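One structure is given here, and the rest of the page talks about it.
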Amino acid sequence: MDKFLIQGGRPLEGRVAVSGAKNAALPAMAATLLTDQPVILHNVPRVRDIGTLRSLLDELGVDSAVEHEEHGNRMEIQARRLLSPVAPYELVKQMRASVLVLGPLLARFGQARVSLPGGCAIGTRPINLHVKGLEMLGALIKVAHGYLDAKANGLRGANFKFDTISVTGTENLMMAAALADGVTVLENAASEPEVEDLANLLNKMGACIEGAGTGRISIRGVTRLHGAEHTIIPDRIEAGTFLVAAAITGGQLVLERSEPSHLTALIAKLEEVGVPIHTTPPRPGTFDCPVLEVRAGGPMRALDVTTQEYPGFPTDMQAQYMALMTQADGESVIKETIFENRFVHAPELARLGADISIDGRRAIVRGKTALTGAKVLASDLRASASLVLAGMAAEGETMIDRVYHIDRGYERIEVKLNKVGARIRRISEVP
Ligand code: EPZ
């Protein structure tokens with residue numbers, strides 16, 4: 001398992017390019033199951049989770065080809081036929097988002113056998129709402145031996161209100177409803193940019209989806225979908241992680257290929273803390289992305305935050321924000337409302353010298369504390385990111401073990417950060 005060896009105490013300075021969003025590319029790849037025509041995706045990030053889903057699609061009999069492009073990968077995917085309707089445990093346990101093949105398989109082929117994802121470090125991660133919604137569309141679903149066995153003799157449009165807002169739940173049902181007979185209305189749907197990006201791709205494929213990006217999405221089913229070409233949106237969580245990286249090291253970064261409008265809650269919070277952030281709009285008449293500029297270095301105030309569904313403060317930025325609050329003056333309370341166990345990074349940050357106490361879904365951070373390098377353990381994708389951030393701010397050397405967690409959702413993060421002044425060495429251990 002690879003490790004990171006980080007020499008801390010160096011402010012970051014320079015320009016860093018943001019990759020395509022993992023959580024937009026994954027549903028887009030699943031959506032290719034809905035047609036027998038080729039779908040071409042651009043700006044696909046080179047991260048482990050994308051490889052895992054590609055392996056799963058390969059198991060199902062889907063052809064795919066990948067080419068390097070200047071920004072991310074170009075991926076051409078074609079589901080001409082289905083060799084197997086089974087998403088096996090060995091792949092699903094590696095990545096919960098594999099459940100995204102359930103809706104498309106049912107809609108196109110009328111059958112799916114998907115392993116239950118199981119829990120992960122941040123929570124039990126149930127999929128009861130995915131199941132309930134698909135049953136409303138006419139699917140017959142049994143659970144046995146750790147697998148969901150689903151069948152559908154054609155799906156029918158229905159109205160479905162989510163008890164809890166679910167990002168992949170919304171995406172699964174949107175994809176299933178795209179080929180259902182009649183109209184489906186999803187209430188209390190997720191409004192994340194990744195949901196909207198998926199709807200944009202589906203509409204390019206011939207779907208009739210309105211309201212994506214809001215809490216109410218209506219999908220008028222069609223009989224078939226065709227191929228399309230689509231560019232994946234920038235990764236707002238990677239961009240947010242780089243903003244915090246500049247803030248925690250007191251540096252200055254320019255983020256290229258980001259989409260600031262997807263980060264309004266985080267940007268507002270960072271500016272309130274005392275981290276000036278400037279957005280330069282694209283030049284009129286060009287296809288440039290806006291540029292995000294962060295100039296840190298001044299004193300930072302400890303401020304409370306509560307994670308919420310989009311457009312609120314993202315749960316996927318909570319761990320990174322906690323690392324930052326260890327360097328802010330005062331006490332801050334971080335409330336995690338989305339997942340029941342998403343403070344696993346706190347004891348690891350404490351090993352670096354942070355003063356954090358946990359009270360249920362609240363973490364109380366007392367700053368500013370001097371961080372000193374230590375050996376720490378990565379546990380999940382965003383917890384690992386927070387340890388990299390804290391390691392860059394710590395005096396001395398930090399060793400992070402199990403960095404495969406970070407490789408799941410960040411494209412060679414150490415290469416990007418070293419280019420702007422960090423000193424992170426990847427130590428690859430031959431298994
Ligand atoms: C997506 O996960 C993201 N993953 C997560 O990012 C992200 O943290 C999460 O949304 C919240 O924003 C992908 O998009 C691939 P949920 P998802 O369904 O869809 C409960 C990362 O770091 N729930 O929105 O699995 C659930 O327990 C990952 O990239 C049910 O109760 O999350 C949670 O409390 C981590 N029943 C809440 O809803 C269900 O059927 C939100 O979960 C589904 C969800």
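We name chains A, B, ... following the order of the structure tokens; residues begin at 1 in each chain, and ligands are numbered from 1 as shown.
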
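Taking only C-alpha atoms and all ligand atoms into account, every polymer residue with at least one atom at most 6 Å away from ligand 1 is listed here: Asn23, Ala97, Arg125, Pro126, Ile127, Asn128, Leu129, His130, Thr164, Ile165, Ser166, Val167, Thr168, Gly169, Thr315, Asp316, Ile338, Phe339, Leu381 and Arg382 of chain A.
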
Produce a file of the selected residues containing C-alpha atoms, as a short mmCIF file (atom, residue, chain, number, x, y, z; two decimals), in the first residue's frame.
```cif
data_model
loop_
_atom_site.label_atom_id
_atom_site.label_comp_id
_atom_site.auth_asym_id
_atom_site.auth_seq_id
_atom_site.Cartn_x
_atom_site.Cartn_y
_atom_site.Cartn_z
CA ASN A 23 -19.10 12.10 -8.84
CA ALA A 97 -21.37 4.08 -6.45
CA ARG A 125 -24.84 3.88 3.48
CA PRO A 126 -28.24 2.19 2.95
CA ILE A 127 -29.91 2.07 -0.49
CA ASN A 128 -33.49 1.58 0.70
CA LEU A 129 -34.62 4.73 -1.13
CA HIS A 130 -33.14 3.51 -4.41
CA THR A 164 -34.08 11.77 2.65
CA ILE A 165 -32.28 13.65 -0.08
CA SER A 166 -30.04 11.12 -1.84
CA VAL A 167 -27.61 12.04 -4.62
CA THR A 168 -27.13 8.59 -6.17
CA GLY A 169 -30.74 7.74 -5.32
CA THR A 315 -20.26 17.17 3.70
CA ASP A 316 -17.39 16.22 1.37
CA ILE A 338 -25.49 13.94 6.39
CA PHE A 339 -23.50 10.92 7.61
CA LEU A 381 -11.42 9.64 0.69
CA ARG A 382 -12.02 13.03 2.26
#
```

Test item: residues at most 10 Å from Ala28 in chain A, only C-alpha atoms, excluding those fewer than 5 positions along its chain, as a PyMOL selection string: chain A and resi 22-23+33+39-41+44+100+171+175+194-195+197-202+230-232

Range 178-386 of chain A: residues DSSP assigns to alpha helix (DSSP H), reported as an NGL selection string: :A and (193-204 or 236-249 or 264-273 or 318-325 or 345-351 or 381-386)

Gap from CA of Cys289 in chain A to CA of Ser19 in chain A - Å, one decimal: 12.2 Å

Residues flagged strand (DSSP E or B) by DSSP in range 197-371 of chain A, as a PyMOL selection string: chain A and resi 208-210+212+214+216-220+228-231+234+252-256+277-280+291-295+301+305-307+313+329-335+355-359+362-367

Close residues, Lys132 in chain A itself excluded, 12 Å, only C-alpha atoms, min 3 positions apart in chain, as number ranges by chain: A: 103, 126-129, 135-142, 150, 158-163, 169-170, 172-173

Selection file, C-alpha atoms, as a PDB file, in the first residue's frame:
```
ATOM      1  CA  GLY A 103     -31.493   1.757 -12.563  1.00  0.00           C
ATOM      2  CA  PRO A 126     -28.240   2.188   2.946  1.00  0.00           C
ATOM      3  CA  ILE A 127     -29.907   2.071  -0.493  1.00  0.00           C
ATOM      4  CA  ASN A 128     -33.495   1.584   0.699  1.00  0.00           C
ATOM      5  CA  LEU A 129     -34.623   4.733  -1.125  1.00  0.00           C
ATOM      6  CA  GLU A 135     -40.388  -0.471  -6.990  1.00  0.00           C
ATOM      7  CA  MET A 136     -42.629   2.558  -7.486  1.00  0.00           C
ATOM      8  CA  LEU A 137     -41.584   2.444 -11.150  1.00  0.00           C
ATOM      9  CA  GLY A 138     -42.697  -1.197 -11.320  1.00  0.00           C
ATOM     10  CA  ALA A 139     -39.535  -3.125 -10.496  1.00  0.00           C
ATOM     11  CA  LEU A 140     -39.780  -6.376  -8.492  1.00  0.00           C
ATOM     12  CA  ILE A 141     -36.825  -6.454  -6.115  1.00  0.00           C
ATOM     13  CA  LYS A 142     -35.785  -9.266  -3.744  1.00  0.00           C
ATOM     14  CA  ALA A 150     -34.335  -6.909  -9.579  1.00  0.00           C
ATOM     15  CA  ALA A 158     -44.666   7.381 -11.123  1.00  0.00           C
ATOM     16  CA  ASN A 159     -44.439  10.147  -8.562  1.00  0.00           C
ATOM     17  CA  PHE A 160     -41.829   9.538  -5.850  1.00  0.00           C
ATOM     18  CA  LYS A 161     -40.869  11.679  -2.875  1.00  0.00           C
ATOM     19  CA  PHE A 162     -37.516  10.962  -1.228  1.00  0.00           C
ATOM     20  CA  ASP A 163     -37.743  10.674   2.589  1.00  0.00           C
ATOM     21  CA  GLY A 169     -30.740   7.735  -5.319  1.00  0.00           C
ATOM     22  CA  THR A 170     -31.876  10.673  -7.447  1.00  0.00           C
ATOM     23  CA  ASN A 172     -30.536   6.035 -10.235  1.00  0.00           C
ATOM     24  CA  LEU A 173     -34.225   6.920 -10.496  1.00  0.00           C
TER      25      LEU A 173
END
```

Closest of A:Glu336, A:Glu331, A:Asp380, A:Glu229 to Asp359 in chain A - atom-to-atom distances counting only C-alpha atoms: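 Nearest to Asp359 in chain A: A:Glu336.
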
Shortest interatomic distance to Gln320 in chain A - which of A:Ala390, A:Met174, A:Ala378, A:Ala79, counting only C-alpha atoms: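 For Gln320 in chain A, the nearest of the candidates is A:Ala390.
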
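With only C-alpha atoms taken into account, the protein and nucleic acid residues at most 9 Å from Ala30 in chain A (excluding it and anything under 5 positions from it in its own chain) are A:Ala25, A:Leu53, A:Leu57, A:Ser98, A:Leu100, A:Val101, A:Leu102, A:Gly103, A:Pro104, A:Leu105, A:Met175.
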
Go ahead and dump the residues you just picked, N, CA, C and O atoms, as a JSON list (two decimals), in the first residue's frame.
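Output saved as out.json:
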```json
[["chain", "number", "residue", "atom", "x", "y", "z"],
["A", 25, "ALA", "N", -18.70, 11.92, -13.31],
["A", 25, "ALA", "CA", -18.26, 10.93, -14.31],
["A", 25, "ALA", "C", -18.86, 9.55, -14.02],
["A", 25, "ALA", "O", -19.22, 8.81, -14.95],
["A", 53, "LEU", "N", -15.32, 1.35, -11.85],
["A", 53, "LEU", "CA", -16.60, 1.29, -12.58],
["A", 53, "LEU", "C", -16.37, 0.78, -14.01],
["A", 53, "LEU", "O", -17.19, 0.03, -14.54],
["A", 57, "LEU", "N", -18.35, -2.30, -15.75],
["A", 57, "LEU", "CA", -19.02, -2.23, -17.06],
["A", 57, "LEU", "C", -18.47, -3.32, -17.97],
["A", 57, "LEU", "O", -19.21, -3.98, -18.71],
["A", 98, "SER", "N", -21.15, 1.84, -7.41],
["A", 98, "SER", "CA", -21.49, 0.79, -8.39],
["A", 98, "SER", "C", -23.00, 0.57, -8.44],
["A", 98, "SER", "O", -23.54, 0.10, -9.44],
["A", 100, "LEU", "N", -25.08, 2.48, -9.03],
["A", 100, "LEU", "CA", -25.66, 3.32, -10.08],
["A", 100, "LEU", "C", -25.98, 2.53, -11.35],
["A", 100, "LEU", "O", -26.68, 3.01, -12.23],
["A", 101, "VAL", "N", -25.51, 1.28, -11.45],
["A", 101, "VAL", "CA", -25.87, 0.50, -12.66],
["A", 101, "VAL", "C", -27.26, -0.13, -12.51],
["A", 101, "VAL", "O", -27.85, -0.60, -13.49],
["A", 102, "LEU", "N", -27.81, -0.09, -11.29],
["A", 102, "LEU", "CA", -29.09, -0.77, -11.02],
["A", 102, "LEU", "C", -30.22, -0.19, -11.88],
["A", 102, "LEU", "O", -30.89, -0.92, -12.61],
["A", 103, "GLY", "N", -30.40, 1.11, -11.82],
["A", 103, "GLY", "CA", -31.49, 1.76, -12.56],
["A", 103, "GLY", "C", -31.37, 1.56, -14.07],
["A", 103, "GLY", "O", -32.31, 1.09, -14.73],
["A", 104, "PRO", "N", -30.20, 1.86, -14.65],
["A", 104, "PRO", "CA", -30.04, 1.68, -16.11],
["A", 104, "PRO", "C", -30.22, 0.24, -16.57],
["A", 104, "PRO", "O", -30.84, -0.03, -17.58],
["A", 105, "LEU", "N", -29.69, -0.74, -15.80],
["A", 105, "LEU", "CA", -29.84, -2.15, -16.20],
["A", 105, "LEU", "C", -31.32, -2.53, -16.23],
["A", 105, "LEU", "O", -31.81, -3.19, -17.16],
["A", 175, "MET", "N", -32.27, 7.94, -14.20],
["A", 175, "MET", "CA", -31.85, 7.09, -15.33],
["A", 175, "MET", "C", -32.91, 6.03, -15.62],
["A", 175, "MET", "O", -33.26, 5.79, -16.78]]
```

Contacts of Gln327 in chain A within 6 Å, only C-alpha atoms, excl. fewer than 3 positions in-chain, as a ChimeraX atom specification: /A:324,367-368

Residue subset to file, keeping all heavy atoms, as a short mmCIF file (atom, residue, chain, number, x, y, z; two decimals), in the first residue's frame:
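So the final result, stored in selection-v8.cif, reads:
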```cif
data_model
loop_
_atom_site.label_atom_id
_atom_site.label_comp_id
_atom_site.auth_asym_id
_atom_site.auth_seq_id
_atom_site.Cartn_x
_atom_site.Cartn_y
_atom_site.Cartn_z
N LEU A 324 -8.53 22.87 8.63
CA LEU A 324 -8.27 24.32 8.58
C LEU A 324 -8.57 24.98 9.92
O LEU A 324 -7.82 25.85 10.38
CB LEU A 324 -9.12 24.97 7.48
CG LEU A 324 -8.90 26.47 7.27
CD1 LEU A 324 -7.48 26.76 6.77
CD2 LEU A 324 -9.93 27.03 6.29
N GLY A 367 -8.64 26.16 18.28
CA GLY A 367 -7.40 26.57 17.58
C GLY A 367 -6.90 27.87 18.20
O GLY A 367 -7.56 28.43 19.06
N LYS A 368 -5.79 28.32 17.83
CA LYS A 368 -4.90 27.76 16.83
C LYS A 368 -3.91 26.83 17.57
O LYS A 368 -3.39 27.21 18.62
CB LYS A 368 -4.17 28.92 16.14
CG LYS A 368 -3.08 28.51 15.20
CD LYS A 368 -2.53 29.72 14.44
CE LYS A 368 -1.48 29.24 13.45
NZ LYS A 368 -1.02 30.34 12.59
#
```

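Using only C-alpha atoms, the residues found no farther than 9 Å from Val294 in chain A, other than those of its own chain fewer than 6 positions away, are Leu243, Ala246, Ala247, Gly251, Gln252, Leu253, Val254, Leu255, Val275, Pro276, Ile277, His278 and Thr279 of chain A.
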
For CA of Ile77 in chain A and CA of Met205 in chain A, the interatomic separation in Å (one decimal):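 Atom-to-atom, CA of Ile77 in chain A and CA of Met205 in chain A are spaced 13.2 Å apart.
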
Neighbour list for range 265-269 of chain A as a list in words, cut-off 7 Å, only C-alpha atoms, skip fewer than 6 positions in-chain: Pro311, Gly312 and Phe313 of chain A

How would the residues just picked look written out with C-alpha atoms as an mmCIF file, in the first residue's frame?
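Final output, saved to selection-v7.cif:
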```
data_model
loop_
_atom_site.group_PDB
_atom_site.id
_atom_site.type_symbol
_atom_site.label_atom_id
_atom_site.label_comp_id
_atom_site.auth_asym_id
_atom_site.auth_seq_id
_atom_site.Cartn_x
_atom_site.Cartn_y
_atom_site.Cartn_z
ATOM 1 C CA PRO A 311 -26.292 24.292 -2.136
ATOM 2 C CA GLY A 312 -25.344 24.195 1.573
ATOM 3 C CA PHE A 313 -21.852 23.534 2.929
#
```
